[in-house]
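Trainee: What follows is upload-v3.cif, made up of mmCIF, C-alpha atoms:
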data_work
loop_
_atom_site.group_PDB
_atom_site.id
_atom_site.type_symbol
_atom_site.label_atom_id
_atom_site.label_comp_id
_atom_site.auth_asym_id
_atom_site.auth_seq_id
_atom_site.Cartn_x
_atom_site.Cartn_y
_atom_site.Cartn_z
ATOM 1 C CA MET N 1 91.131 107.845 76.471
ATOM 2 C CA PHE N 2 91.080 104.190 77.391
ATOM 3 C CA GLY N 3 88.099 102.582 78.984
ATOM 4 C CA LEU N 4 88.341 100.074 81.810
ATOM 5 C CA ALA N 5 87.757 97.164 79.405
ATOM 6 C CA SER N 6 90.689 98.139 77.173
ATOM 7 C CA LYS N 7 92.987 98.555 80.210
ATOM 8 C CA ASN N 8 92.017 95.067 81.384
ATOM 9 C CA ALA N 9 92.665 93.688 77.892
ATOM 10 C CA ILE N 10 96.143 95.265 77.802
ATOM 11 C CA GLY N 11 96.909 93.864 81.261
ATOM 12 C CA ALA N 12 95.712 90.400 80.228
ATOM 13 C CA LEU N 13 97.809 90.537 77.047
ATOM 14 C CA CYS N 14 100.910 91.483 79.063
ATOM 15 C CA ALA N 15 100.241 88.609 81.473
ATOM 16 C CA VAL N 16 99.879 86.112 78.600
ATOM 17 C CA ILE N 17 103.131 87.319 77.018
ATOM 18 C CA ALA N 18 104.938 87.016 80.368
ATOM 19 C CA VAL N 19 103.645 83.468 80.866
ATOM 20 C CA VAL N 20 104.681 82.405 77.345
ATOM 21 C CA LEU N 21 108.174 83.879 77.754
ATOM 22 C CA GLY N 22 108.497 82.223 81.154
ATOM 23 C CA LEU N 23 107.480 78.842 79.729
ATOM 24 C CA LEU N 24 109.987 79.153 76.885
ATOM 25 C CA ALA N 25 112.762 79.999 79.346
ATOM 26 C CA TYR N 26 111.752 77.058 81.545
ATOM 27 C CA LEU N 27 111.801 74.699 78.550
ATOM 28 C CA ASP N 28 115.272 75.891 77.576
ATOM 29 C CA ILE N 29 116.579 75.261 81.074
ATOM 30 C CA SER N 30 114.787 71.961 81.655
ATOM 31 C CA THR N 31 115.791 70.436 78.304
ATOM 32 C CA ALA N 32 119.476 71.387 78.509
ATOM 33 C CA GLU N 33 121.784 68.393 78.202
ATOM 34 C CA PHE N 34 125.305 68.174 79.579
ATOM 35 C CA GLY N 35 127.778 65.387 79.170
ATOM 36 C CA VAL N 36 131.333 64.775 80.201
ATOM 37 C CA THR N 37 133.081 61.660 78.978
ATOM 38 C CA ASN N 38 136.702 60.632 79.177
ATOM 39 C CA ARG N 39 137.144 62.276 75.745
ATOM 40 C CA ARG N 40 134.627 65.126 75.334
ATOM 41 C CA VAL N 41 132.575 67.891 76.917
ATOM 42 C CA ILE N 42 129.110 68.089 75.364
ATOM 43 C CA ILE N 43 126.513 70.824 75.960
ATOM 44 C CA LYS N 44 123.134 71.088 74.216
ATOM 45 C CA VAL N 45 120.751 73.913 75.121
ATOM 46 C CA GLY N 46 117.451 75.093 73.654
ATOM 47 C CA VAL N 47 114.145 73.874 72.325
ATOM 48 C CA LEU N 48 113.214 76.154 69.456
ATOM 49 C CA ARG N 49 116.772 77.219 68.735
ATOM 50 C CA ARG N 50 119.320 74.532 69.623
ATOM 51 C CA ARG N 51 122.892 75.500 70.596
ATOM 52 C CA THR N 52 125.479 72.777 70.968
ATOM 53 C CA LEU N 53 129.116 72.567 71.936
ATOM 54 C CA GLU N 54 131.267 69.496 71.641
ATOM 55 C CA THR N 55 134.893 69.967 72.619
ATOM 56 C CA LEU N 56 137.610 67.421 73.135
ATOM 57 C CA LEU N 57 138.484 67.223 76.812
ATOM 58 C CA ASP N 58 142.180 67.890 76.199
ATOM 59 C CA LYS N 59 141.266 71.105 74.312
ATOM 60 C CA VAL N 60 139.386 72.623 77.266
ATOM 61 C CA GLU N 61 141.480 75.373 78.825
ATOM 62 C CA SER N 62 138.971 76.496 81.448
ATOM 63 C CA ILE N 63 135.312 76.607 82.392
ATOM 64 C CA SER N 64 134.061 79.786 84.006
ATOM 65 C CA VAL N 65 130.804 80.206 85.894
ATOM 66 C CA ASP N 66 128.987 83.517 86.303
ATOM 67 C CA GLN N 67 126.139 83.700 88.818
ATOM 68 C CA GLY N 68 124.253 86.740 90.001
ATOM 69 C CA ILE N 69 122.379 86.913 93.280
ATOM 70 C CA LEU N 70 119.234 85.304 91.865
ATOM 71 C CA GLY N 71 121.344 82.647 90.145
ATOM 72 C CA ARG N 72 123.000 81.745 93.430
ATOM 73 C CA VAL N 73 119.649 81.580 95.210
ATOM 74 C CA PHE N 74 117.894 79.517 92.531
ATOM 75 C CA GLY N 75 120.915 77.491 91.359
ATOM 76 C CA TYR N 76 121.496 78.681 87.802
ATOM 77 C CA GLY N 77 124.127 80.672 85.970
ATOM 78 C CA THR N 78 126.161 81.162 82.826
ATOM 79 C CA VAL N 79 128.762 78.538 81.949
ATOM 80 C CA ALA N 80 131.505 79.553 79.521
ATOM 81 C CA VAL N 81 133.789 76.905 78.066
ATOM 82 C CA ASN N 82 137.163 78.252 76.971
ATOM 83 C CA GLY N 83 138.872 75.996 74.486
ATOM 84 C CA THR N 84 142.025 76.174 72.441
ATOM 85 C CA GLY N 85 141.206 77.472 68.992
ATOM 86 C CA ALA N 86 137.482 77.713 69.737
ATOM 87 C CA GLY N 87 137.431 80.788 71.944
ATOM 88 C CA ARG N 88 134.911 81.397 74.704
ATOM 89 C CA THR N 89 131.454 79.851 74.327
ATOM 90 C CA PRO N 90 128.908 81.021 76.963
ATOM 91 C CA PHE N 91 125.657 79.208 77.784
ATOM 92 C CA LYS N 92 123.170 81.244 79.851
ATOM 93 C CA GLY N 93 120.596 80.005 82.345
ATOM 94 C CA ILE N 94 122.267 76.674 83.102
ATOM 95 C CA ALA N 95 121.076 74.742 86.159
ATOM 96 C CA ALA N 96 123.762 73.635 88.670
ATOM 97 C CA PRO N 97 126.696 75.271 86.843
ATOM 98 C CA LEU N 98 129.212 74.689 89.636
ATOM 99 C CA GLN N 99 128.560 70.943 89.640
ATOM 100 C CA PHE N 100 129.047 70.797 85.870
ATOM 101 C CA ARG N 101 132.378 72.597 86.147
ATOM 102 C CA GLN N 102 133.440 70.233 88.932
ATOM 103 C CA HIS N 103 132.605 67.150 86.819
ATOM 104 C CA VAL N 104 134.667 68.493 83.922
ATOM 105 C CA GLN N 105 137.636 69.224 86.190
ATOM 106 C CA GLU N 106 137.440 65.745 87.737
ATOM 107 C CA GLN N 107 137.399 64.137 84.306
ATOM 108 C CA ILE N 108 140.377 66.245 83.135
ATOM 109 C CA GLU N 109 142.337 65.184 86.228
ATOM 110 C CA ALA N 110 141.394 61.518 85.752
ATOM 111 C CA THR N 111 142.411 61.634 82.097
ATOM 112 C CA GLY N 112 145.733 63.259 83.021
ATOM 113 C CA ALA N 113 146.374 60.591 85.660
ATOM 114 C CA ARG N 114 145.640 57.787 83.162
ATOM 115 C CA ALA N 115 147.997 59.395 80.613
ATOM 116 C CA ALA N 116 150.759 59.754 83.202
ATOM 117 C CA LYS N 117 150.298 56.138 84.310
ATOM 118 C CA ALA N 118 150.491 54.878 80.710
ATOM 119 C CA SER N 119 153.797 56.630 79.971
#
In structure tokens, write the structure found in this file.
Mentor:
Amino acid sequence: MFGLASKNAIGALCAVIAVVLGLLAYLDISTAEFGVTNRRVIIKVGVLRRRTLETLLDKVESISVDQGILGRVFGYGTVAVNGTGAGRTPFKGIAAPLQFRQHVQEQIEATGARAAKAS
């Protein structure tokens, strides 16, 4: 069947593939950009394949966070922005998803307070 050398080569190939996939996942997570202004929510994720979302702050209905056990331990999760007319847009493997959601909620509240004060 297979000799010891071919088994070692298959094992080495599997290890190289795992390392490459791990590096690509790390790059996606480490290069993700998030922004919340007084007008917009901006998310950009990916290195090889870039996904972006730019939604007006007043069009954001909700932001949901999904974290499994490993996500809670290591501080990552899936953030889904629900907007009027745009539907649900999920972004997987996002670092500190709860903090991002909190920043968006704070900005929505601040914008609402400024609008109420102006009228």
Trainee: Quick one: distance from atom CA of Ser64 of chain N to atom CA of His103 of chain N in Å, one decimal?
Mentor: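 Computing the Euclidean distance for atom CA of Ser64 of chain N and atom CA of His103 of chain N yields 13.0 Å.
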Trainee: For atom CA of Arg101 of chain N and atom CA of Leu21 of chain N, quote the distance in Å rounded to one decimal.
Mentor: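 One can read the atom CA of Arg101 of chain N to atom CA of Leu21 of chain N distance as 28.0 Å.
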Trainee: Can you spell out as a PDB file with C-alpha atoms, in the frame of the given file the set of residues that the PyMOL selection byres ((chain N and resi 80) around 7) selects in the structure I just provided?
Mentor:
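Saved file part32.pdb follows:
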ATOM      1  CA  ILE N  63     135.312  76.607  82.392  1.00  0.00           C
ATOM      2  CA  SER N  64     134.061  79.786  84.006  1.00  0.00           C
ATOM      3  CA  VAL N  65     130.804  80.206  85.894  1.00  0.00           C
ATOM      4  CA  THR N  78     126.161  81.162  82.826  1.00  0.00           C
ATOM      5  CA  VAL N  79     128.762  78.538  81.949  1.00  0.00           C
ATOM      6  CA  VAL N  81     133.789  76.905  78.066  1.00  0.00           C
ATOM      7  CA  ASN N  82     137.163  78.252  76.971  1.00  0.00           C
ATOM      8  CA  ARG N  88     134.911  81.397  74.704  1.00  0.00           C
ATOM      9  CA  THR N  89     131.454  79.851  74.327  1.00  0.00           C
ATOM     10  CA  PRO N  90     128.908  81.021  76.963  1.00  0.00           C
ATOM     11  CA  PHE N  91     125.657  79.208  77.784  1.00  0.00           C
TER      12      PHE N  91
END
Trainee: Name every residue that the PyMOL selection byres ((chain N and resi 30-45) around 12) selects in this structure, writing the answer as a PyMOL selection string with chains first and numbers rising.
Mentor: chain N and resi 23-29+46-63+76+78-83+89-97+99-115
Trainee: Please report the interatomic distance between atom CA of Val16 of chain N and atom CA of Gly77 of chain N in Å with one decimal.
Mentor: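 Interatomic distance, atom CA of Val16 of chain N to atom CA of Gly77 of chain N: 25.9 Å.
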Trainee: Kindly compute an axis-aligned box around the listed atoms of segment 49-66 of chain N, allowing 8 Å on each side, and express its centre and edge lengths in Å to one decimal as lines of an AutoDock Vina configuration file.
Mentor:
center_x = 129.5
center_y = 75.4
center_z = 77.5
size_x = 41.4
size_y = 32.3
size_z = 33.6
